[in-house]
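Worksheet: the structure to be examined is printed underneath.
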4 protein chains.
Amino acid sequence: MIAVLKQGVTEAQKQNLINWLKSLNLGVHVSEGEYQTVLGLIGDTSKVDIDLLSGLDIIDNVTRISEPFKCANRRFHPQDTVVEIGSGDNKVKIGGGNFAIIAGPCSVESESQIIEVAKAVKASGATLLRGGAFKPRTSPYDFQGLHGEGLELLRKAREATGLPIVTEIMSAAHLDMFMDVDLIQVGARNMQNFELLKELGKINKPILLKRGLANTLKELLMSAEYIMSEGNENVILCERGIRSFDTYTRNVLDLSAIPVLQELTHLPVIVDPSHATGKSRLVKPMSLAATAAGAAGLIIEVHNDPIHALCDGAQSLTPEQFDDVARKVFQLREFI
Amino acid sequence: MIAVLKQGVTEAQKQNLINWLKSLNLGVHVSEGEYQTVLGLIGDTSKVDIDLLSGLDIIDNVTRISEPFKCANRRFHPQDTVVEIGSGDNKVKIGGGNFAIIAGPCSVESESQIIEVAKAVKASGATLLRGGAFKPRTSPYDFQGLHGEGLELLRKAREATGLPIVTEIMSAAHLDMFMDVDLIQVGARNMQNFELLKELGKINKPILLKRGLANTLKELLMSAEYIMSEGNENVILCERGIRSFDTYTRNVLDLSAIPVLQELTHLPVIVDPSHATGKSRLVKPMSLAATAAGAAGLIIEVHNDPIHALCDGAQSLTPEQFDDVARKVFQLREFI
Amino acid sequence: MIAVLKQGVTEAQKQNLINWLKSLNLGVHVSEGEYQTVLGLIGDTSKVDIDLLSGLDIIDNVTRISEPFKCANRRFHPQDTVVEIGSGDNKVKIGGGNFAIIAGPCSVESESQIIEVAKAVKASGATLLRGGAFKPRTSPYDFQGLHGEGLELLRKAREATGLPIVTEIMSAAHLDMFMDVDLIQVGARNMQNFELLKELGKINKPILLKRGLANTLKELLMSAEYIMSEGNENVILCERGIRSFDTYTRNVLDLSAIPVLQELTHLPVIVDPSHATGKSRLVKPMSLAATAAGAAGLIIEVHNDPIHALCDGAQSLTPEQFDDVARKVFQLREFI
Amino acid sequence: MIAVLKQGVTEAQKQNLINWLKSLNLGVHVSEGEYQTVLGLIGDTSKVDIDLLSGLDIIDNVTRISEPFKCANRRFHPQDTVVEIGSGDNKVKIGGGNFAIIAGPCSVESESQIIEVAKAVKASGATLLRGGAFKPRTSPYDFQGLHGEGLELLRKAREATGLPIVTEIMSAAHLDMFMDVDLIQVGARNMQNFELLKELGKINKPILLKRGLANTLKELLMSAEYIMSEGNENVILCERGIRSFDTYTRNVLDLSAIPVLQELTHLPVIVDPSHATGKSRLVKPMSLAATAAGAAGLIIEVHNDPIHALCDGAQSLTPEQFDDVARKVFQLREFI
């Protein structure tokens, strides 16, 4: 960590600061320049509160050199993590060269719906089934999901198809109900729900952690660190679009997040083109782009509701549209 | 709600859409223009999923006319809400012309610290004491607060000074420990932790709801609606800065949020200049600006830690600096 | 255009507004709902100032139905525009299924540099040569380019290789010097330099228009419209990253801009992965992703400066790195 | 300037980099840490291309210590600059404790309009008259201003009232027509039109430089530096709102820009609440907030058009509304 002092700082202020830093068990290397003094802090700086230090009136700026994430850091774990989901014949691997498509409806609505969609996406090559049972909605008046019943229907669809199931958790209080879920998703709005993350770190289940709407990649990694530092290292990261000034698409899909995260961490990175764009007709080009950029997987919304089939649209693909996307994506994977 | 169809939509597609909308118990008013067809949806459109409708391939765009928030909407409750905090002689009102300053340290650190700060800020005119016991930190390795012990120390400071206490909750699982807190804060990262909001709606305690880093004002109001629709109408909103491309200050304090929220809702709006700017030397001008813009209160970080006293800085003010800010703010309130 | 009136607007206010709208030669269709009145404006609404109308106190919101761009609008020109650059044997087409890579150094530095790079990128399959002669730099103390001499060196490189040349213009006052340039680039910072755009509309040269750092896709199209409405329809659009809160990459490359623009306009869309990411090691994955998403071309920085060769890095690729990227991109194009 | 090398950089790579830096006439101070090597660059680093250096594959990150702006830097010019506008009895000072309000219509429309508004705003205490003759509009089909005739009408209004005139320039090619303007405005869209800035640096006229929609405060200062480094030090900075994800107001007015800029530069800082919010009813609270935060002046839109008077709205204030705002603002200035 490097701290640059402001011009005009007195010798007494500087000494006080250095003494305080040393009291934190840090080594301090002082470098006097023509216009400014630079302090190099040596030792375990992960405990230094960078906001507090930056805010001091005698400090011009502070730069952290070593990243404050350890478990997720590729520097300390050069090899790709491979996350295994489900068991037996239907076990799926993501990461380390293994690619998978997760598909299914936004919400689980009925037994026939989820089983029908599950069979269709399996036939097209998806190896995991998604479906929302607890839905985070901006409005309390919007449909919030079938909750326990939704989880039960997902289990039935798993029985019917063998596909491991992926669904979102919204509160640690629901954890008991999720112990039979194969891959537990943390949504964008809960990326910094640290109490939830800590509880998920104590179980032995793969976690799908989505990037928050306005969170940096380093914050995403720090949230993964919350899970991993409690002992659960089976974390998959998911880029799903960030908020911008342009409202034409719901969010801006940040595909450079894929190679950047691959540099910084050994965890697998997948992409959600459905939520990012909010428009079904953009799912295909963005799925191909994500695959070309090196994503370890995709999570795509598919359902069989007539209004969508009729209108050929919405964020969700019809099973036929999904089949087309999946075929192209698998071909592209092979090409690469 | 108004939906504009794309050019080239067939009569059959249009009729299918209209039939579907009518099946949702909506009236549909069709207006044919030269280039496009516009559907006006009449009835309880708060149940219509605007994202789903917008995403349909035959839809050009959708505009919601009536706001989907009811409890928080000034249209239906023209009079300002006055939130009462604490009890007896130390009861504090915020809203409806009542102005208050909440002050105290970021974290509760020790009995002497919190009592000393409480006495100091009370002497300067603050009428509520803040202090963090559960701290949301980006890194799992940063100090997370004293938890139950911190709450206990806050109670002691309340006993010593009479000031009602304000502190942040991070999980509904902690609610039992918070039943003695006078004003429960929901932090920016939990603004859309809907499970927590629903639980807070079931208790009879004032809630301080902070705007998320990248949330619109309407999303903030929808989150207030989560609390209010469960029965708890004692909600105070807090603008605390939004994320932008400029990293010179931690966030951008959006002061126009004050008059805008005052138009849209009857709930009181306060401002947190400390977290917004991250720099103590910006707290004074931003406190004055917020007051001039009509804020119903301020929440300001103050502590007595020697490193800060020494360096005259950081995000927190010293008690002496706070005294100067508070005096100026109260004078400005009188002037206005 | 649809204008929704606020609740509580008086009959007299409404009539005054309607009379004013009619005085603008618009038809006004009034639709009274339970809670609000909606005005449908019919006729040439492209002249209505949407900001003025939205800002009126009696107006809740205004939505423009038909896009205010005509020349660039795919609705009125369903067929892809094919832009032809250069002449004779070296003529290059972009758009309508034609794909091209533009490559070359950020700045033209010397005759040997530009000719050497031109030969190298041509050998790897680039069909246009880029090189900056006038450089927009944040600081007045940074290198601003070789100006006229730089243009002269570009011409020499064209003579040596046959590659048509692409370079940025910063002022209409320089237009005389650019009449021999094959494709004139308007940089992100000048996307809304309307006086420059109008002058470029009066010449008969292809224009490469880059998206501004914080401009919406519709604003980009309106800037294209400035050029096209003056008579020059040879416009290529370029996505080059937008500004966000995450500073890890220089900008966020918005690849969904490709399919979105392809819906809205008939103009070709290319991508600049070098400026978007600012990091050479991200150029390859982002070039592949852009190609997979359907870009009509790429513009990539390449140079042969020893410090870069040495360090294997910076935003620019070495000729060897470029050769690898170009080969993969052309293979991917064939695959698609 | 401080450059941190990546882990695993070889001794040869490091030596090559150091040699290259020394070839730029920089001193290099090497500091070896446990995990990384830090290079301190000493000397005239304003010429080092920070983007190039950051982009090198062996570099982890680069921090500039001394700001690359010299003329605008308060460090080298501790005293506030006072800009004088106009001449004789009507001379107006801004900065160094001098406060002024600039008011007038968005566009000059007719002689009677501009003279009537000028008289009204003067009566309310405005000491400068604004009015657009060249209007930057997103659409080429929107009204672009009266151009030369508009400038002529502004001169007539100056004759009638004595108020110095403020108007926007869009191209250096128009400079001859602007030599009689008292304060030349550079709009947000041209903040990085460097060719225009350089030409404005060569004249002896006060310049009002508005912050771009997505430009950092340091970029604003670098643009001021373009003007000042050519010899013209009479620059006034203007905060006018930045682009965000929330579309309720047109832009987000960043009032902490006032105290931040006052730390960084000696130039005066004024605020434009009309363009920032786009809504006349927000102009009053934001004018008061800006004044309380320490702005050296305000620029406010006022006109007398009947549609506005009628509807009590739009971005512009009526003369009566402006009178109310100005009176309150002047009272607040006195209070402070």
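Every chain in the structure tokens takes a letter, A first, then B, and so on in the order presented; its residues are numbered from 1, and the ligands are numbered from 1 following the presented order.
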
Mind the document's chain letters and residue numbers, and return as a VMD selection string the residues of stretch 7-250 of chain C that DSSP labels helix (DSSP H, G or I). chain C and resid 11 to 23 45 to 47 50 to 55 88 to 90 111 to 123 148 to 161 172 to 178 188 to 190 194 to 201 217 to 228

For the residues in that selection, give me C-alpha atoms as a PDB file, in the first residue's frame.
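The resulting file, result26.pdb, is shown below:
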ATOM      1  CA  GLU C  11     -59.735  22.398 -18.027  1.00  0.00           C
ATOM      2  CA  ALA C  12     -58.414  25.859 -18.900  1.00  0.00           C
ATOM      3  CA  GLN C  13     -54.776  24.751 -18.652  1.00  0.00           C
ATOM      4  CA  LYS C  14     -55.537  21.740 -20.787  1.00  0.00           C
ATOM      5  CA  GLN C  15     -57.248  23.819 -23.456  1.00  0.00           C
ATOM      6  CA  ASN C  16     -54.388  26.303 -23.530  1.00  0.00           C
ATOM      7  CA  LEU C  17     -51.913  23.501 -24.041  1.00  0.00           C
ATOM      8  CA  ILE C  18     -53.995  21.908 -26.791  1.00  0.00           C
ATOM      9  CA  ASN C  19     -54.354  25.252 -28.562  1.00  0.00           C
ATOM     10  CA  TRP C  20     -50.610  25.768 -28.406  1.00  0.00           C
ATOM     11  CA  LEU C  21     -49.967  22.286 -29.832  1.00  0.00           C
ATOM     12  CA  LYS C  22     -52.466  22.879 -32.622  1.00  0.00           C
ATOM     13  CA  SER C  23     -50.699  26.156 -33.419  1.00  0.00           C
ATOM     14  CA  THR C  45     -43.619  15.899 -34.247  1.00  0.00           C
ATOM     15  CA  SER C  46     -39.940  15.912 -35.149  1.00  0.00           C
ATOM     16  CA  LYS C  47     -40.070  19.697 -34.680  1.00  0.00           C
ATOM     17  CA  ILE C  50     -39.435  17.284 -26.189  1.00  0.00           C
ATOM     18  CA  ASP C  51     -37.440  18.915 -23.389  1.00  0.00           C
ATOM     19  CA  LEU C  52     -39.644  21.979 -23.367  1.00  0.00           C
ATOM     20  CA  LEU C  53     -42.825  19.927 -23.399  1.00  0.00           C
ATOM     21  CA  SER C  54     -41.606  17.556 -20.670  1.00  0.00           C
ATOM     22  CA  GLY C  55     -40.603  20.438 -18.490  1.00  0.00           C
ATOM     23  CA  GLY C  88      -9.522   0.983 -57.789  1.00  0.00           C
ATOM     24  CA  ASP C  89      -8.116  -2.360 -56.807  1.00  0.00           C
ATOM     25  CA  ASN C  90      -7.820  -1.386 -53.182  1.00  0.00           C
ATOM     26  CA  GLU C 111       7.964   7.319 -42.278  1.00  0.00           C
ATOM     27  CA  SER C 112       9.662   4.061 -41.424  1.00  0.00           C
ATOM     28  CA  GLN C 113       7.254   3.367 -38.581  1.00  0.00           C
ATOM     29  CA  ILE C 114       4.062   3.894 -40.569  1.00  0.00           C
ATOM     30  CA  ILE C 115       5.274   2.048 -43.650  1.00  0.00           C
ATOM     31  CA  GLU C 116       6.572  -0.858 -41.648  1.00  0.00           C
ATOM     32  CA  VAL C 117       3.318  -1.183 -39.704  1.00  0.00           C
ATOM     33  CA  ALA C 118       1.254  -0.760 -42.885  1.00  0.00           C
ATOM     34  CA  LYS C 119       3.094  -3.603 -44.575  1.00  0.00           C
ATOM     35  CA  ALA C 120       2.747  -5.818 -41.559  1.00  0.00           C
ATOM     36  CA  VAL C 121      -0.987  -5.299 -41.040  1.00  0.00           C
ATOM     37  CA  LYS C 122      -1.636  -5.722 -44.750  1.00  0.00           C
ATOM     38  CA  ALA C 123       0.176  -9.028 -44.665  1.00  0.00           C
ATOM     39  CA  GLY C 148       0.221  17.905 -41.814  1.00  0.00           C
ATOM     40  CA  GLU C 149       3.424  15.910 -41.787  1.00  0.00           C
ATOM     41  CA  GLY C 150       1.521  12.972 -40.341  1.00  0.00           C
ATOM     42  CA  LEU C 151      -1.004  13.122 -43.177  1.00  0.00           C
ATOM     43  CA  GLU C 152       1.865  13.203 -45.657  1.00  0.00           C
ATOM     44  CA  LEU C 153       3.403  10.088 -44.111  1.00  0.00           C
ATOM     45  CA  LEU C 154       0.043   8.312 -44.272  1.00  0.00           C
ATOM     46  CA  ARG C 155      -0.120   9.063 -47.970  1.00  0.00           C
ATOM     47  CA  LYS C 156       3.340   7.595 -48.401  1.00  0.00           C
ATOM     48  CA  ALA C 157       2.254   4.458 -46.589  1.00  0.00           C
ATOM     49  CA  ARG C 158      -0.774   4.245 -48.883  1.00  0.00           C
ATOM     50  CA  GLU C 159       1.492   4.527 -51.907  1.00  0.00           C
ATOM     51  CA  ALA C 160       3.730   1.824 -50.510  1.00  0.00           C
ATOM     52  CA  THR C 161       0.952  -0.644 -49.716  1.00  0.00           C
ATOM     53  CA  ALA C 172     -13.614  21.754 -39.814  1.00  0.00           C
ATOM     54  CA  ALA C 173     -10.805  24.274 -40.353  1.00  0.00           C
ATOM     55  CA  HIS C 174      -8.542  21.359 -41.275  1.00  0.00           C
ATOM     56  CA  LEU C 175     -10.888  19.974 -43.902  1.00  0.00           C
ATOM     57  CA  ASP C 176      -8.757  21.030 -46.874  1.00  0.00           C
ATOM     58  CA  MET C 177      -5.910  18.905 -45.595  1.00  0.00           C
ATOM     59  CA  PHE C 178      -8.201  15.869 -45.306  1.00  0.00           C
ATOM     60  CA  ALA C 188     -15.678  10.201 -29.402  1.00  0.00           C
ATOM     61  CA  ARG C 189     -15.034  13.672 -27.959  1.00  0.00           C
ATOM     62  CA  ASN C 190     -16.333  15.317 -31.135  1.00  0.00           C
ATOM     63  CA  PHE C 194     -22.288  19.658 -34.571  1.00  0.00           C
ATOM     64  CA  GLU C 195     -20.521  22.342 -36.599  1.00  0.00           C
ATOM     65  CA  LEU C 196     -17.900  19.788 -37.614  1.00  0.00           C
ATOM     66  CA  LEU C 197     -20.553  17.181 -38.436  1.00  0.00           C
ATOM     67  CA  LYS C 198     -22.426  19.602 -40.674  1.00  0.00           C
ATOM     68  CA  GLU C 199     -19.266  20.389 -42.637  1.00  0.00           C
ATOM     69  CA  LEU C 200     -18.555  16.687 -43.074  1.00  0.00           C
ATOM     70  CA  GLY C 201     -22.081  16.324 -44.424  1.00  0.00           C
ATOM     71  CA  LEU C 217     -27.263   4.984 -29.185  1.00  0.00           C
ATOM     72  CA  LYS C 218     -30.048   7.337 -30.238  1.00  0.00           C
ATOM     73  CA  GLU C 219     -27.749  10.333 -29.785  1.00  0.00           C
ATOM     74  CA  LEU C 220     -25.162   8.556 -31.923  1.00  0.00           C
ATOM     75  CA  LEU C 221     -27.806   8.146 -34.616  1.00  0.00           C
ATOM     76  CA  MET C 222     -28.803  11.799 -34.331  1.00  0.00           C
ATOM     77  CA  SER C 223     -25.165  12.750 -34.881  1.00  0.00           C
ATOM     78  CA  ALA C 224     -25.073  10.527 -37.954  1.00  0.00           C
ATOM     79  CA  GLU C 225     -28.226  12.345 -39.003  1.00  0.00           C
ATOM     80  CA  TYR C 226     -26.335  15.680 -38.833  1.00  0.00           C
ATOM     81  CA  ILE C 227     -23.939  14.354 -41.470  1.00  0.00           C
ATOM     82  CA  MET C 228     -26.547  12.591 -43.581  1.00  0.00           C
TER      83      MET C 228
END

Excluding A:Leu128 and any residue of its chain fewer than 3 positions from it, enumerate the residues within 8 Å of it, using only C-alpha atoms, and give them as a list in words. Val92, Ala100, Ile101, Ile102, Ala103, Lys122, Leu163, Pro164, Ile165 and Val166 of chain A

Just the selected residues (N, CA and C atoms), exported as a PDB file, in the first residue's frame, please.
ATOM      1  N   VAL A  92     -22.381 -32.101 -13.519  1.00  0.00           N
ATOM      2  CA  VAL A  92     -21.939 -31.128 -14.521  1.00  0.00           C
ATOM      3  C   VAL A  92     -20.721 -30.395 -13.980  1.00  0.00           C
ATOM      4  N   ALA A 100     -20.927 -25.075 -19.872  1.00  0.00           N
ATOM      5  CA  ALA A 100     -22.290 -25.601 -19.712  1.00  0.00           C
ATOM      6  C   ALA A 100     -23.304 -24.498 -19.933  1.00  0.00           C
ATOM      7  N   ILE A 101     -24.484 -24.906 -20.391  1.00  0.00           N
ATOM      8  CA  ILE A 101     -25.596 -23.954 -20.507  1.00  0.00           C
ATOM      9  C   ILE A 101     -26.649 -24.299 -19.459  1.00  0.00           C
ATOM     10  N   ILE A 102     -27.018 -23.281 -18.673  1.00  0.00           N
ATOM     11  CA  ILE A 102     -28.107 -23.367 -17.715  1.00  0.00           C
ATOM     12  C   ILE A 102     -29.313 -22.723 -18.402  1.00  0.00           C
ATOM     13  N   ALA A 103     -30.461 -23.405 -18.395  1.00  0.00           N
ATOM     14  CA  ALA A 103     -31.623 -22.805 -19.069  1.00  0.00           C
ATOM     15  C   ALA A 103     -32.881 -23.133 -18.292  1.00  0.00           C
ATOM     16  N   LYS A 122     -33.201 -29.661 -22.169  1.00  0.00           N
ATOM     17  CA  LYS A 122     -32.280 -30.801 -22.134  1.00  0.00           C
ATOM     18  C   LYS A 122     -32.047 -31.333 -23.546  1.00  0.00           C
ATOM     19  N   LEU A 163     -31.741 -33.318 -14.824  1.00  0.00           N
ATOM     20  CA  LEU A 163     -30.976 -32.070 -14.810  1.00  0.00           C
ATOM     21  C   LEU A 163     -30.815 -31.529 -13.385  1.00  0.00           C
ATOM     22  N   PRO A 164     -29.594 -31.228 -12.965  1.00  0.00           N
ATOM     23  CA  PRO A 164     -29.410 -30.529 -11.685  1.00  0.00           C
ATOM     24  C   PRO A 164     -30.127 -29.174 -11.738  1.00  0.00           C
ATOM     25  N   ILE A 165     -30.569 -28.704 -10.578  1.00  0.00           N
ATOM     26  CA  ILE A 165     -31.393 -27.495 -10.541  1.00  0.00           C
ATOM     27  C   ILE A 165     -30.675 -26.310  -9.908  1.00  0.00           C
ATOM     28  N   VAL A 166     -30.988 -25.132 -10.448  1.00  0.00           N
ATOM     29  CA  VAL A 166     -30.363 -23.867 -10.080  1.00  0.00           C
ATOM     30  C   VAL A 166     -31.467 -22.901  -9.716  1.00  0.00           C
TER      31      VAL A 166
END

As a compact mmCIF listing (two decimals) with C-alpha atoms, in the first residue's frame, please: the residues near A:Ala214 (cut-off 10 Å, only C-alpha atoms, same-chain neighbours under 6 positions excluded).
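Wrote it out as around_6.txt, contents follow:
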# COMPACT_ATOMS: atom_id res chain seq x y z
CA ALA A 188 -27.44 -9.09 -8.27
CA ARG A 189 -29.38 -7.23 -5.58
CA GLY A 241 -25.04 -6.46 -17.11
CA ILE A 242 -24.35 -3.19 -15.33
CA ARG A 243 -26.40 -0.05 -15.09
CA SER A 244 -25.67 2.80 -17.46
CA GLY B 212 -28.72 2.21 -2.98
CA LEU B 213 -25.59 3.20 -4.85
CA ALA B 214 -27.16 2.82 -8.26
CA ASN B 215 -30.85 2.94 -7.53
CA ILE B 242 -24.76 7.59 -6.01
CA ARG B 243 -22.00 5.94 -7.96
CA SER B 244 -20.50 7.79 -10.91
CA SER C 244 -18.72 3.51 -16.17
CA PHE C 245 -17.96 3.37 -12.46
CA ASP C 246 -15.46 0.52 -12.90

Based on only C-alpha atoms, which of the residues in chain A come within 8 Å of chain C? I want them as number ranges by chain. A: 214-217, 244-246, 248, 252-256, 259-260, 277, 282, 285-286, 288-294, 332, 335

So which bits of stretch 218-332 of chain A end up strand (DSSP E or B) when you DSSP the backbone, as number ranges by chain? A: 235-239, 242, 252, 254, 265, 269-271, 297-302, 317

Compile the contact shell of A:Ile270 as a list in words: residues with an atom at most 8 Å away, counting only C-alpha atoms, same-chain residues fewer than 4 positions apart removed. Ile236, Leu237, Cys238, Glu239, Ile258, Ala295, Ala296, Gly297, Leu298 and Ile299 of chain A

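Using only C-alpha atoms, the shortest contact distance between C:Ile58 and any of C:Lys279, C:Lys93, C:Lys6, C:Lys202 is found at C:Lys6.
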
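In this structure, atom CA of C:Arg130 sits 28.6 Å away from atom CA of D:Pro68.
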
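Between B:Gly278 and the residues B:Cys106, B:Val325, B:Gly145, B:Thr138, the shortest atom-to-atom distance, using only C-alpha atoms, involves B:Cys106.
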